[in-house]
>>> print(open('start.txt').read())   # compact mmCIF, C-alpha atoms
# COMPACT_ATOMS: atom_id res chain seq x y z
CA MET A 1 -3.82 15.10 -9.67
CA SER A 2 -6.20 12.19 -9.28
CA GLY A 3 -6.08 9.50 -6.66
CA LEU A 4 -7.05 5.84 -6.53
CA PHE A 5 -9.96 6.51 -4.17
CA ASP A 6 -11.24 9.85 -5.53
CA ASN A 7 -14.26 8.54 -7.39
CA ILE A 8 -15.83 6.39 -4.66
CA HIS A 9 -19.29 7.88 -5.22
CA PRO A 10 -19.77 7.45 -8.99
CA GLU A 11 -23.53 7.93 -8.66
CA LEU A 12 -22.94 11.54 -7.52
CA ASP A 13 -22.49 14.00 -10.38
CA GLN A 14 -21.11 17.54 -10.30
CA ALA A 15 -24.52 19.19 -10.08
CA GLY A 16 -25.51 16.94 -7.20
CA ALA A 17 -22.33 17.71 -5.27
CA ILE A 18 -22.73 21.45 -5.80
CA GLU A 19 -26.37 21.26 -4.72
CA ILE A 20 -25.34 19.57 -1.47
CA LEU A 21 -22.86 22.36 -0.71
CA ALA A 22 -25.63 24.93 -1.21
CA THR A 23 -27.96 23.09 1.19
CA ASP A 24 -28.45 24.38 4.73
CA PHE A 25 -26.83 22.20 7.36
CA GLN A 26 -30.11 21.35 9.09
CA ASP A 27 -31.53 20.05 5.78
CA LEU A 28 -28.75 17.54 5.14
CA GLU A 29 -29.53 13.83 5.21
CA SER A 30 -26.23 13.08 6.90
CA ASP A 31 -23.50 15.07 8.67
CA SER A 32 -20.99 13.64 6.22
CA ASP A 33 -22.76 14.98 3.11
CA TYR A 34 -20.69 18.16 2.88
CA TYR A 35 -17.42 16.23 3.18
CA ILE A 36 -18.50 13.72 0.52
CA ALA A 37 -19.57 16.48 -1.86
CA VAL A 38 -16.36 18.46 -1.40
CA SER A 39 -14.21 15.36 -1.88
CA HIS A 40 -16.10 14.34 -5.00
CA LEU A 41 -15.65 17.71 -6.74
CA VAL A 42 -11.97 16.86 -7.31
CA ASN A 43 -13.32 14.80 -10.22
CA PHE A 44 -14.78 17.89 -11.93
CA PRO A 45 -12.07 20.50 -12.52
CA GLY A 46 -13.51 23.71 -13.86
CA GLN A 47 -15.26 26.95 -13.02
CA PHE A 48 -18.43 25.49 -11.50
CA ALA A 49 -16.62 23.26 -9.03
CA ASN A 50 -14.12 26.01 -8.17
CA GLU A 51 -16.84 28.54 -7.41
CA ALA A 52 -18.82 26.07 -5.33
CA LEU A 53 -15.78 25.22 -3.23
CA LEU A 54 -14.82 28.87 -2.74
CA ASN A 55 -18.37 29.79 -1.77
CA PHE A 56 -18.40 26.94 0.72
CA LEU A 57 -15.17 28.21 2.27
CA GLY A 58 -16.94 31.52 2.85
CA ARG A 59 -19.61 29.90 4.99
CA VAL A 60 -19.43 30.88 8.67
CA SER A 61 -20.33 28.03 11.00
CA THR A 62 -19.28 26.34 14.21
CA GLU A 63 -20.65 22.95 13.14
CA SER A 64 -17.87 20.35 13.12
CA ALA A 65 -19.24 18.83 9.90
CA VAL A 66 -18.84 22.18 8.16
CA LEU A 67 -15.37 22.85 9.53
CA LEU A 68 -14.17 19.38 8.57
CA ALA A 69 -15.50 19.79 5.04
CA GLN A 70 -13.90 23.22 4.76
CA ARG A 71 -10.52 21.73 5.61
CA LYS A 72 -11.10 19.25 2.79
CA ALA A 73 -12.19 22.04 0.45
CA VAL A 74 -8.83 23.77 0.95
CA GLU A 75 -7.11 20.52 -0.02
CA VAL A 76 -9.31 19.94 -3.08
CA LEU A 77 -8.81 23.50 -4.38
CA ALA A 78 -5.07 22.98 -4.14
CA ARG A 79 -5.22 19.62 -5.89
CA LEU A 80 -7.24 21.25 -8.66
CA GLY A 81 -4.58 23.98 -8.95
CA VAL A 82 -7.02 26.83 -8.37
CA THR A 83 -4.57 29.70 -7.97
CA GLN A 84 -7.37 32.27 -7.57
CA ALA A 85 -8.15 30.59 -4.25
CA GLN A 86 -4.76 31.65 -2.87
CA ALA A 87 -5.97 34.67 -0.91
CA LYS A 88 -8.86 32.79 0.66
CA ILE A 89 -6.65 29.84 1.58
CA ALA A 90 -4.01 32.17 3.03
CA SER A 91 -6.64 33.73 5.31
CA PHE A 92 -6.94 30.37 7.08
CA LEU A 93 -3.36 30.66 8.33
CA ASP A 94 -4.92 32.77 11.10
CA SER A 95 -7.38 30.03 12.05
CA SER A 96 -7.58 28.82 15.64
CA ASP A 97 -7.90 25.30 14.19
CA ILE A 98 -4.34 23.99 13.85
CA TYR A 99 -5.50 21.36 11.36
CA MET A 100 -6.94 24.05 9.10
CA VAL A 101 -3.65 25.95 9.37
CA GLU A 102 -1.84 22.76 8.40
CA ASN A 103 -4.07 22.22 5.36
CA ALA A 104 -3.73 25.86 4.33
CA ALA A 105 0.07 25.76 4.52
CA TRP A 106 0.17 22.55 2.48
CA ALA A 107 -2.28 23.96 -0.08
CA LEU A 108 -0.33 27.20 -0.54
CA ALA A 109 2.75 25.16 -1.35
CA GLN A 110 0.83 23.02 -3.81
CA ILE A 111 -0.43 26.01 -5.79
CA GLY A 112 2.98 27.70 -5.70
CA CYS A 113 2.12 30.79 -3.67
CA GLN A 114 4.77 33.48 -4.24
CA ASP A 115 3.28 36.16 -2.00
CA GLN A 116 6.13 37.37 0.23
CA ALA A 117 3.70 38.44 2.96
CA VAL A 118 2.28 34.92 3.08
CA HIS A 119 5.79 33.51 3.28
CA GLN A 120 6.49 35.67 6.32
CA ARG A 121 3.30 34.44 7.98
CA LEU A 122 4.42 30.86 7.42
CA ILE A 123 7.81 31.62 8.96
CA ARG A 124 6.18 33.22 12.00
CA LEU A 125 3.96 30.17 12.45
CA LEU A 126 7.06 28.01 12.49
CA HIS A 127 7.99 29.55 15.84
CA ASP A 128 4.73 28.21 17.33
CA SER A 129 5.35 24.70 18.64
CA THR A 130 1.60 23.98 18.77
CA GLN A 131 1.46 24.11 14.96
CA ASN A 132 2.44 21.27 12.64
CA GLN A 133 6.02 22.39 12.21
CA ARG A 134 6.78 19.53 9.85
CA VAL A 135 4.19 20.66 7.29
CA LEU A 136 5.23 24.31 7.66
CA ILE A 137 8.87 23.37 6.98
CA GLN A 138 7.90 21.28 3.97
CA SER A 139 5.74 24.08 2.58
CA LEU A 140 8.45 26.70 2.95
CA SER A 141 10.96 24.36 1.33
CA LYS A 142 8.66 23.50 -1.56
CA LEU A 143 8.12 27.22 -2.15
CA SER A 144 11.93 27.75 -1.98
CA VAL A 145 11.59 30.44 0.67
CA PHE A 146 15.30 31.02 1.32
CA ALA A 147 14.47 33.60 3.98
CA ALA A 148 13.15 30.72 6.13
CA LEU A 149 16.53 28.97 6.31
CA SER A 150 17.67 30.66 9.51
CA THR A 151 14.44 29.59 11.22
CA ILE A 152 14.51 26.05 9.84
CA THR A 153 18.17 25.20 10.50
CA PRO A 154 17.92 25.04 14.32
CA LEU A 155 15.05 22.56 13.96
CA MET A 156 17.49 19.97 12.58
CA ASP A 157 18.05 19.11 16.24
CA HIS A 158 14.38 19.01 17.23
CA GLU A 159 13.33 16.29 19.66
CA LYS A 160 10.85 14.83 17.15
CA SER A 161 12.44 12.89 14.31
CA SER A 162 9.63 13.93 11.95
CA VAL A 163 10.42 17.63 12.47
CA ARG A 164 14.15 16.95 12.50
CA GLY A 165 13.95 15.08 9.22
CA ALA A 166 11.86 17.74 7.48
CA ALA A 167 14.32 20.41 8.64
CA ILE A 168 17.31 18.41 7.36
CA ALA A 169 15.65 17.85 3.97
CA ALA A 170 14.65 21.52 3.72
CA THR A 171 18.14 22.70 4.67
CA ILE A 172 19.62 20.48 1.96
CA HIS A 173 17.16 21.88 -0.58
CA LEU A 174 17.56 25.52 0.40
CA SER A 175 21.31 25.61 1.09
CA GLY A 176 22.76 22.62 -0.73
CA ASP A 177 24.52 21.51 2.47
CA ARG A 178 24.18 17.70 2.58
CA THR A 179 26.22 17.23 5.76
CA ARG A 180 23.28 15.83 7.71
CA LEU A 181 21.86 13.61 4.95
CA ALA A 182 22.99 10.37 6.64
CA ASP A 183 20.81 11.23 9.64
CA LEU A 184 17.77 10.53 7.48
CA ALA A 185 18.88 6.91 7.10
CA ASP A 186 18.65 6.50 10.86
CA HIS A 187 15.11 7.92 10.79
CA LEU A 188 14.05 5.05 8.53
CA TYR A 189 14.50 2.71 11.50
CA VAL A 190 12.95 4.65 14.39
CA ALA A 191 10.42 2.90 16.62
CA ASN A 192 7.32 4.74 15.43
CA GLN A 193 6.08 3.59 12.02
CA MET A 194 4.52 6.98 11.18
CA ASP A 195 7.92 8.57 11.74
CA ARG A 196 9.57 5.95 9.50
CA GLN A 197 7.06 6.79 6.78
CA SER A 198 7.76 10.48 7.26
CA ALA A 199 11.46 9.74 6.86
CA VAL A 200 10.76 8.30 3.42
CA GLN A 201 9.36 11.65 2.29
CA ASP A 202 12.33 13.44 3.83
CA VAL A 203 14.73 11.27 1.83
CA ILE A 204 12.74 12.08 -1.30
CA ASP A 205 12.72 15.81 -0.55
CA ALA A 206 16.47 15.73 0.07
CA GLY A 207 17.09 13.88 -3.20
CA GLY A 208 18.87 11.27 -1.13
CA ILE A 209 19.44 8.59 -3.74
CA GLU A 210 22.57 7.66 -1.78
CA LEU A 211 20.20 6.24 0.86
CA MET A 212 18.49 3.81 -1.52
CA SER A 213 19.88 0.73 0.23
CA SER A 214 18.56 1.90 3.60
CA LEU A 215 15.17 2.64 2.05
CA LEU A 216 14.90 -0.83 0.56
CA GLN A 217 15.55 -2.46 3.93
CA SER A 218 13.29 -0.23 6.00
CA PRO A 219 10.34 -2.03 7.70
CA ILE A 220 7.59 -0.01 6.08
CA SER A 221 4.91 -0.69 3.52
CA PRO A 222 6.31 -1.65 0.10
CA ALA A 223 4.13 1.14 -1.32
CA PHE A 224 6.28 3.70 0.51
CA ARG A 225 9.48 2.06 -0.69
CA MET A 226 8.27 1.98 -4.28
CA ARG A 227 7.16 5.60 -4.14
CA ALA A 228 10.62 6.56 -2.91
CA VAL A 229 12.35 4.61 -5.67
CA ARG A 230 10.25 6.29 -8.34
CA ALA A 231 10.63 9.77 -6.85
CA LEU A 232 14.41 9.48 -6.48
CA VAL A 233 14.80 8.10 -10.00
CA ASP A 234 12.68 10.96 -11.36
CA ARG A 235 15.16 13.42 -9.86
CA SER A 236 18.23 11.69 -11.29
CA SER A 237 19.52 10.59 -14.67
CA GLY A 238 22.05 8.37 -16.38
CA GLU A 239 22.25 4.90 -17.89
CA GLN A 240 23.88 3.48 -14.77
CA LEU A 241 20.92 4.72 -12.74
CA LYS A 242 18.57 2.74 -14.97
CA ASN A 243 20.17 -0.55 -13.96
CA SER A 244 20.17 0.26 -10.24
CA ALA A 245 16.57 1.49 -10.49
CA LEU A 246 15.43 -1.79 -12.04
CA SER A 247 17.26 -3.73 -9.35
CA ALA A 248 15.50 -1.65 -6.69
CA VAL A 249 12.07 -2.17 -8.26
CA ASP A 250 12.74 -5.91 -8.50
CA GLN A 251 13.60 -6.01 -4.81
CA VAL A 252 10.52 -4.08 -3.72
CA LEU A 253 8.18 -6.25 -5.79
CA ARG A 254 9.75 -9.51 -4.61
CA ASP A 255 9.66 -8.11 -1.06
CA ASP A 256 11.68 -10.91 0.51
CA PRO A 257 11.16 -10.47 4.28
CA ARG A 258 14.67 -11.78 4.94
CA LEU A 259 16.04 -8.59 3.35
CA ILE A 260 14.08 -6.31 5.68
CA THR A 261 15.66 -5.01 8.88
CA VAL A 262 13.05 -5.60 11.59
CA LEU A 263 12.96 -3.58 14.80
CA HIS A 264 11.22 -6.11 17.00
CA HIS A 265 12.32 -9.46 18.37
CA TYR A 266 10.62 -12.31 20.22
CA GLY A 267 11.88 -13.06 23.72
CA ASP A 268 10.51 -16.59 23.47
CA PRO A 269 9.38 -18.53 20.39
CA LEU A 270 5.76 -17.72 19.57
CA PRO A 271 3.18 -20.36 18.60
CA THR A 272 2.62 -20.54 14.86
CA GLN A 273 -0.94 -19.33 15.30
CA LEU A 274 0.30 -16.07 16.83
CA LEU A 275 2.85 -15.66 14.05
CA VAL A 276 0.05 -15.86 11.49
CA GLU A 277 -1.87 -13.30 13.56
CA GLY A 278 1.22 -11.10 13.32
CA LEU A 279 0.57 -10.68 9.59
CA PHE A 280 -2.40 -8.49 10.55
CA HIS A 281 -0.35 -6.12 12.71
CA PRO A 282 -0.44 -2.44 11.64
CA ASP A 283 3.31 -2.10 12.22
CA PHE A 284 5.15 -3.56 9.23
CA SER A 285 8.19 -4.39 11.34
CA ARG A 286 6.09 -6.92 13.21
CA CYS A 287 4.59 -8.26 9.98
CA TYR A 288 8.02 -8.85 8.47
CA LEU A 289 9.25 -10.45 11.71
CA SER A 290 6.30 -12.85 11.56
CA MET A 291 7.10 -13.63 7.92
CA GLN A 292 10.76 -14.30 8.69
CA THR A 293 9.88 -16.63 11.55
CA LEU A 294 7.16 -18.51 9.67
CA LEU A 295 9.69 -19.53 7.04
CA ASP A 296 11.42 -21.69 9.65
CA ARG A 297 8.26 -23.44 10.84
CA ASP A 298 6.82 -26.77 9.69
CA PRO A 299 4.82 -26.09 6.49
CA ASP A 300 1.96 -28.36 7.54
CA GLU A 301 1.57 -26.48 10.80
CA VAL A 302 1.80 -23.14 8.99
CA TRP A 303 -0.85 -24.23 6.51
CA THR A 304 -3.25 -25.29 9.26
CA HIS A 305 -3.25 -21.82 10.77
CA VAL A 306 -3.04 -19.92 7.48
CA TRP A 307 -6.04 -21.84 6.11
CA ALA A 308 -8.08 -21.16 9.25
CA SER A 309 -7.11 -17.49 9.20
CA TRP A 310 -7.86 -17.19 5.50
CA HIS A 311 -11.45 -18.28 5.95
CA LYS A 312 -11.95 -16.26 9.10
CA LYS A 313 -10.63 -12.85 8.00
CA ALA A 314 -7.43 -12.84 5.94
CA HIS A 315 -9.28 -13.07 2.61
CA ASN A 316 -10.72 -9.62 3.29
CA ASP A 317 -7.81 -7.92 5.09
CA TYR A 318 -5.61 -6.28 2.48
CA GLY A 319 -2.50 -6.25 4.69
CA ALA A 320 -2.49 -9.90 5.72
CA HIS A 321 -3.76 -10.83 2.24
CA TYR A 322 -0.65 -9.28 0.68
CA PHE A 323 1.76 -11.00 3.05
CA MET A 324 0.10 -14.36 2.55
CA MET A 325 0.47 -14.02 -1.22
CA HIS A 326 4.24 -13.77 -0.73
CA LEU A 327 4.34 -16.43 1.99
CA PHE A 328 2.85 -19.02 -0.36
CA GLY A 329 5.80 -18.66 -2.75
CA LEU A 330 8.48 -18.49 -0.08
CA ILE A 331 7.58 -21.91 1.35
CA ARG A 332 8.29 -24.61 -1.23
CA ASN A 333 7.32 -27.91 0.44
CA TRP A 334 3.59 -27.48 0.94
CA SER A 335 1.47 -30.63 1.03
CA HIS A 336 -0.52 -31.62 -2.06
CA GLU A 337 -3.71 -30.68 -0.24
CA ALA A 338 -2.36 -27.24 0.64
CA LEU A 339 -1.10 -26.66 -2.91
CA ALA A 340 -4.55 -27.33 -4.37
CA SER A 341 -6.09 -24.62 -2.21
CA ILE A 342 -3.15 -22.24 -2.69
CA HIS A 343 -3.52 -22.62 -6.46
CA ASP A 344 -7.10 -21.35 -6.27
CA ILE A 345 -6.30 -18.56 -3.81
CA LEU A 346 -3.44 -17.25 -5.95
CA SER A 347 -5.48 -17.49 -9.15
CA ASP A 348 -8.26 -15.43 -7.61
CA ALA A 349 -5.81 -12.89 -6.19
CA ILE A 350 -4.12 -12.39 -9.57
CA ARG A 351 -7.50 -11.37 -11.00
CA ASP A 352 -8.49 -9.22 -8.01
CA ARG A 353 -9.17 -5.59 -8.95
CA ARG A 354 -10.28 -4.20 -5.58
CA PRO A 355 -8.41 -0.90 -5.08
CA GLN A 356 -7.41 -1.63 -1.49
CA PHE A 357 -5.86 -4.96 -2.60
CA ARG A 358 -3.68 -3.18 -5.15
CA LYS A 359 -0.42 -4.83 -3.99
CA SER A 360 -1.69 -8.41 -4.00
CA PRO A 361 -2.04 -9.35 -7.71
CA SER A 362 1.68 -8.89 -8.42
CA ALA A 363 2.66 -10.74 -5.24
CA ALA A 364 0.26 -13.55 -6.14
CA LEU A 365 1.69 -13.80 -9.66
CA LEU A 366 5.22 -14.13 -8.31
CA SER A 367 4.22 -16.96 -6.01
CA PHE A 368 2.10 -18.68 -8.65
CA ALA A 369 5.06 -18.73 -11.06
CA ILE A 370 7.25 -20.28 -8.35
CA LEU A 371 4.79 -22.98 -7.35
CA PHE A 372 3.11 -23.65 -10.72
CA PRO A 373 5.57 -22.53 -13.43
CA GLY A 374 3.96 -24.71 -16.08
CA GLN A 375 0.54 -23.12 -15.60
CA CYS A 376 1.25 -19.41 -15.63
CA ASP A 377 1.52 -18.74 -19.37
CA HIS A 378 -2.01 -17.32 -19.70
CA PHE A 379 -1.51 -15.03 -16.69
CA LEU A 380 1.73 -13.75 -18.16
CA LYS A 381 0.25 -13.17 -21.61
CA ASP A 382 -2.61 -11.19 -20.10
CA GLY A 383 -0.16 -9.40 -17.83
CA LEU A 384 1.82 -8.05 -20.77
CA THR A 385 -1.06 -5.98 -22.11
CA THR A 386 -2.19 -2.60 -20.83
CA VAL A 387 -5.77 -3.49 -21.72
CA MET A 388 -5.93 -6.60 -19.52
CA GLN A 389 -3.61 -5.28 -16.80
CA PRO A 390 -3.89 -1.52 -16.28
CA PHE A 391 -1.56 -1.53 -13.25
CA TRP A 392 2.07 -0.96 -14.22
CA ASP A 393 3.46 -3.18 -11.45
CA PHE A 394 1.64 -6.24 -12.78
CA ARG A 395 3.05 -5.71 -16.27
CA TYR A 396 6.49 -5.20 -14.74
CA THR A 397 6.14 -8.37 -12.66
CA SER A 398 5.18 -10.30 -15.77
CA LEU A 399 8.38 -9.10 -17.44
CA LEU A 400 10.39 -9.88 -14.32
CA LEU A 401 9.17 -13.47 -14.44
CA LEU A 402 10.00 -13.79 -18.13
CA GLN A 403 13.64 -13.33 -17.19
CA SER A 404 13.70 -16.62 -15.28
CA PRO A 405 15.21 -19.62 -17.12
CA GLU A 406 12.16 -21.77 -16.28
CA LEU A 407 9.98 -19.49 -18.40
CA SER A 408 12.32 -19.07 -21.35
CA GLN A 409 9.85 -20.68 -23.75
CA ILE A 410 7.09 -18.26 -22.78
CA ARG A 411 9.59 -15.42 -23.14
CA SER A 412 10.53 -16.45 -26.66
CA GLN A 413 6.84 -16.71 -27.60
CA ASN A 414 6.16 -13.15 -26.44
CA LEU A 415 9.18 -11.21 -27.71
CA ASP A 416 7.02 -9.12 -30.04
CA VAL A 417 4.87 -8.02 -27.11
CA VAL A 418 7.97 -7.31 -25.03
CA SER A 419 9.33 -5.22 -27.88
CA ASP A 420 6.12 -3.20 -28.01
CA LEU A 421 6.27 -2.59 -24.26
CA SER A 422 9.88 -1.45 -24.54
CA GLN A 423 8.76 1.38 -26.80
CA SER A 424 5.22 2.28 -25.91
CA ASP A 425 4.31 1.33 -22.35
CA PRO A 426 3.04 4.41 -20.46
CA ASP A 427 5.27 3.59 -17.49
CA TYR A 428 9.01 4.07 -17.94
CA PHE A 429 9.90 1.32 -15.45
CA VAL A 430 8.02 -1.16 -17.65
CA CYS A 431 9.77 0.20 -20.76
CA TRP A 432 13.17 -0.14 -19.11
CA LYS A 433 12.43 -3.66 -17.94
CA ALA A 434 11.31 -4.73 -21.41
CA GLN A 435 14.43 -3.16 -22.92
CA SER A 436 16.63 -5.06 -20.47
CA ILE A 437 15.02 -8.34 -21.54
CA LEU A 438 15.57 -7.63 -25.24
CA GLN A 439 19.15 -6.61 -24.55
CA TYR A 440 20.04 -10.10 -23.31
CA THR A 441 17.82 -12.15 -25.63
>>> encode(input="start.txt", output="structure tokens")
Amino acid sequence: MSGLFDNIHPELDQAGAIEILATDFQDLESDSDYYIAVSHLVNFPGQFANEALLNFLGRVSTESAVLLAQRKAVEVLARLGVTQAQAKIASFLDSSDIYMVENAAWALAQIGCQDQAVHQRLIRLLHDSTQNQRVLIQSLSKLSVFAALSTITPLMDHEKSSVRGAAIAATIHLSGDRTRLADLADHLYVANQMDRQSAVQDVIDAGGIELMSSLLQSPISPAFRMRAVRALVDRSSGEQLKNSALSAVDQVLRDDPRLITVLHHYGDPLPTQLLVEGLFHPDFSRCYLSMQTLLDRDPDEVWTHVWASWHKKAHNDYGAHYFMMHLFGLIRNWSHEALASIHDILSDAIRDRRPQFRKSPSAALLSFAILFPGQCDHFLKDGLTTVMQPFWDFRYTSLLLLQSPELSQIRSQNLDVVSDLSQSDPDYFVCWKAQSILQYT
């Protein structure tokens, strides 16, 4: 179970990480060394890493750096699937550190703990409002602890939407009663963005494919929406589902802000400069509101402030960077001067491989094809190969663009490649998209 940011210290090998964990605290070069070493061992599944992590969990210390790294060690052991760590992890359910209890509960669910005594301890913890009740509910549900249902059900009316949503999803999973499923759609539009993101997971856990439309309109990161689409499709089947799944993926990748339901509104019209600043806001509802409003402003004025912001900070802010990639394609009547600069910005973004800018290349390709359709053939040809474009969404976006009438010639020139993708691409969304193109060619 690897992650995009797991191997951020490639110079550190397994032996080096294990050596750090065996070092006395006072001899460390930095307080963060233990945490870095523990995190890095996820890249080395096997006996040596497992033993080092378990030994580290046995260390008794009051140092915050040790305790923080031990929390991470519980997570890493679970991600590595080390079932022999179950007893040690379960012992942390008695910790006075609620964050360690949270990590232990999550980890026990990940490794599939079937110890009935541990299940009862999790249920008892659920009565303690100081604990992370959401994670406890999710863990009990994932472990299919049916004995927890009577304790979980009353929490469907909890004051916190995050606990409420987890309880609804768990009740659906454990009892099959989907009466409260529609409540999860409302949670996708609550004021707090963290709670909206939590609601996405609740919809996934409930298998709520009926809520797909609400998910697609929710003002959250497109990464959350895409994860939900994939997770819900994975739990379903049928040829009809394939068509609706492709439509959903298309919508998430195009990410038209006019299709997003925003939760904020401006009392008075904001200056264009402040609207551009809104693209940096951590709440996606405000970002999408800024996008919607910018589309109605004079393009020359928008460009003045976008260009200034780009040089100042937007080029290195992955959130605003992503929104600007889409904004360029949504505004059609840029000046010739602006288009020259936009051409270079989009070209660079298409080639960008920085992990934190993962969403931008596809967005940039979409806008480039809109603004410069006669110049995108080489990007599309590269985008149709797993060697040149390892990210599935870029290959999918390339196929999506080939469906447009303006690029019919490029499509006809690459039908052999499309055919190969329809059979052998490692991502089933890409396979399905390629198949849909061949079906209508």
>>> residues_around(input="start.txt", residues="Ile123 (chain A)", least_positions_apart="2", cutoff="10 Å", atoms="all atoms listed in the file", output="JSON, numbers by chain")
{"A": [117, 118, 119, 120, 121, 125, 126, 127, 128, 133, 136, 137, 140, 145, 147, 148, 149, 150, 151, 152]}
>>> atom_distance(input="start.txt", atom1="CA of Ala245 (chain A)", atom2="CA of Leu330 (chain A)")
23.9 Å
>>> residues_around(input="start.txt", residues="region 62-68 of chain A", least_positions_apart="5", cutoff="10 Å", atoms="only C-alpha atoms", output="list in words")
Leu21, Phe25, Ser30, Asp31, Ser32, Asp33, Tyr34, Tyr35, Phe56, Leu57, Ala73, Asp97, Tyr99 and Met100 of chain A
>>> residues_around(input="start.txt", residues="region 228-244 of chain A", least_positions_apart="5", cutoff="8 Å", atoms="only C-alpha atoms", output="list in words")
Val200, Gln201, Val203, Ile204, Gly207, Gly208, Ile209, Met212, Leu215, Val249 and Trp432 of chain A
>>> closest_residue(input="start.txt", among="A:Asn192, A:Gln356, A:Ser419, A:Ser367", to="His326 (chain A)", atoms="all atoms listed in the file")
A:Ser367
>>> closest_residue(input="start.txt", among="A:Asp352, A:Glu337, A:Asp195, A:Asp300", to="His321 (chain A)", atoms="only C-alpha atoms")
A:Asp352
>>> closest_residue(input="start.txt", among="A:Glu301, A:Asp255, A:Asp416, A:Asp183", to="Tyr288 (chain A)", atoms="only C-alpha atoms")
A:Asp255
>>> residues_around(input="start.txt", residues="Pro282 (chain A)", least_positions_apart="6", cutoff="10 Å", atoms="only C-alpha atoms", output="compact mmCIF listing (two decimals) with C-alpha atoms, in the coordinates of the input")
# COMPACT_ATOMS: atom_id res chain seq x y z
CA GLN A 193 6.08 3.59 12.02
CA SER A 221 4.91 -0.69 3.52
CA GLY A 319 -2.50 -6.25 4.69
CA ALA A 320 -2.49 -9.90 5.72
>>> atom_distance(input="start.txt", atom1="CA of Met226 (chain A)", atom2="CA of Val306 (chain A)")
27.3 Å
>>> residues_around(input="start.txt", residues="Ile18 (chain A)", least_positions_apart="3", cutoff="12 Å", atoms="all atoms listed in the file", output="PDB file with C-alpha atoms, keeping the file's coordinate frame")
ATOM      1  CA  LEU A  12     -22.940  11.540  -7.520  1.00  0.00           C
ATOM      2  CA  ASP A  13     -22.490  14.000 -10.380  1.00  0.00           C
ATOM      3  CA  GLN A  14     -21.110  17.540 -10.300  1.00  0.00           C
ATOM      4  CA  ALA A  15     -24.520  19.190 -10.080  1.00  0.00           C
ATOM      5  CA  LEU A  21     -22.860  22.360  -0.710  1.00  0.00           C
ATOM      6  CA  ALA A  22     -25.630  24.930  -1.210  1.00  0.00           C
ATOM      7  CA  THR A  23     -27.960  23.090   1.190  1.00  0.00           C
ATOM      8  CA  ASP A  33     -22.760  14.980   3.110  1.00  0.00           C
ATOM      9  CA  TYR A  34     -20.690  18.160   2.880  1.00  0.00           C
ATOM     10  CA  TYR A  35     -17.420  16.230   3.180  1.00  0.00           C
ATOM     11  CA  ILE A  36     -18.500  13.720   0.520  1.00  0.00           C
ATOM     12  CA  ALA A  37     -19.570  16.480  -1.860  1.00  0.00           C
ATOM     13  CA  VAL A  38     -16.360  18.460  -1.400  1.00  0.00           C
ATOM     14  CA  SER A  39     -14.210  15.360  -1.880  1.00  0.00           C
ATOM     15  CA  HIS A  40     -16.100  14.340  -5.000  1.00  0.00           C
ATOM     16  CA  LEU A  41     -15.650  17.710  -6.740  1.00  0.00           C
ATOM     17  CA  VAL A  42     -11.970  16.860  -7.310  1.00  0.00           C
ATOM     18  CA  PHE A  44     -14.780  17.890 -11.930  1.00  0.00           C
ATOM     19  CA  GLN A  47     -15.260  26.950 -13.020  1.00  0.00           C
ATOM     20  CA  PHE A  48     -18.430  25.490 -11.500  1.00  0.00           C
ATOM     21  CA  ALA A  49     -16.620  23.260  -9.030  1.00  0.00           C
ATOM     22  CA  ASN A  50     -14.120  26.010  -8.170  1.00  0.00           C
ATOM     23  CA  GLU A  51     -16.840  28.540  -7.410  1.00  0.00           C
ATOM     24  CA  ALA A  52     -18.820  26.070  -5.330  1.00  0.00           C
ATOM     25  CA  LEU A  53     -15.780  25.220  -3.230  1.00  0.00           C
ATOM     26  CA  LEU A  54     -14.820  28.870  -2.740  1.00  0.00           C
ATOM     27  CA  ASN A  55     -18.370  29.790  -1.770  1.00  0.00           C
ATOM     28  CA  PHE A  56     -18.400  26.940   0.720  1.00  0.00           C
TER      29      PHE A  56
END
>>> atom_distance(input="start.txt", atom1="CA of Ala191 (chain A)", atom2="CA of Val252 (chain A)")
21.5 Å
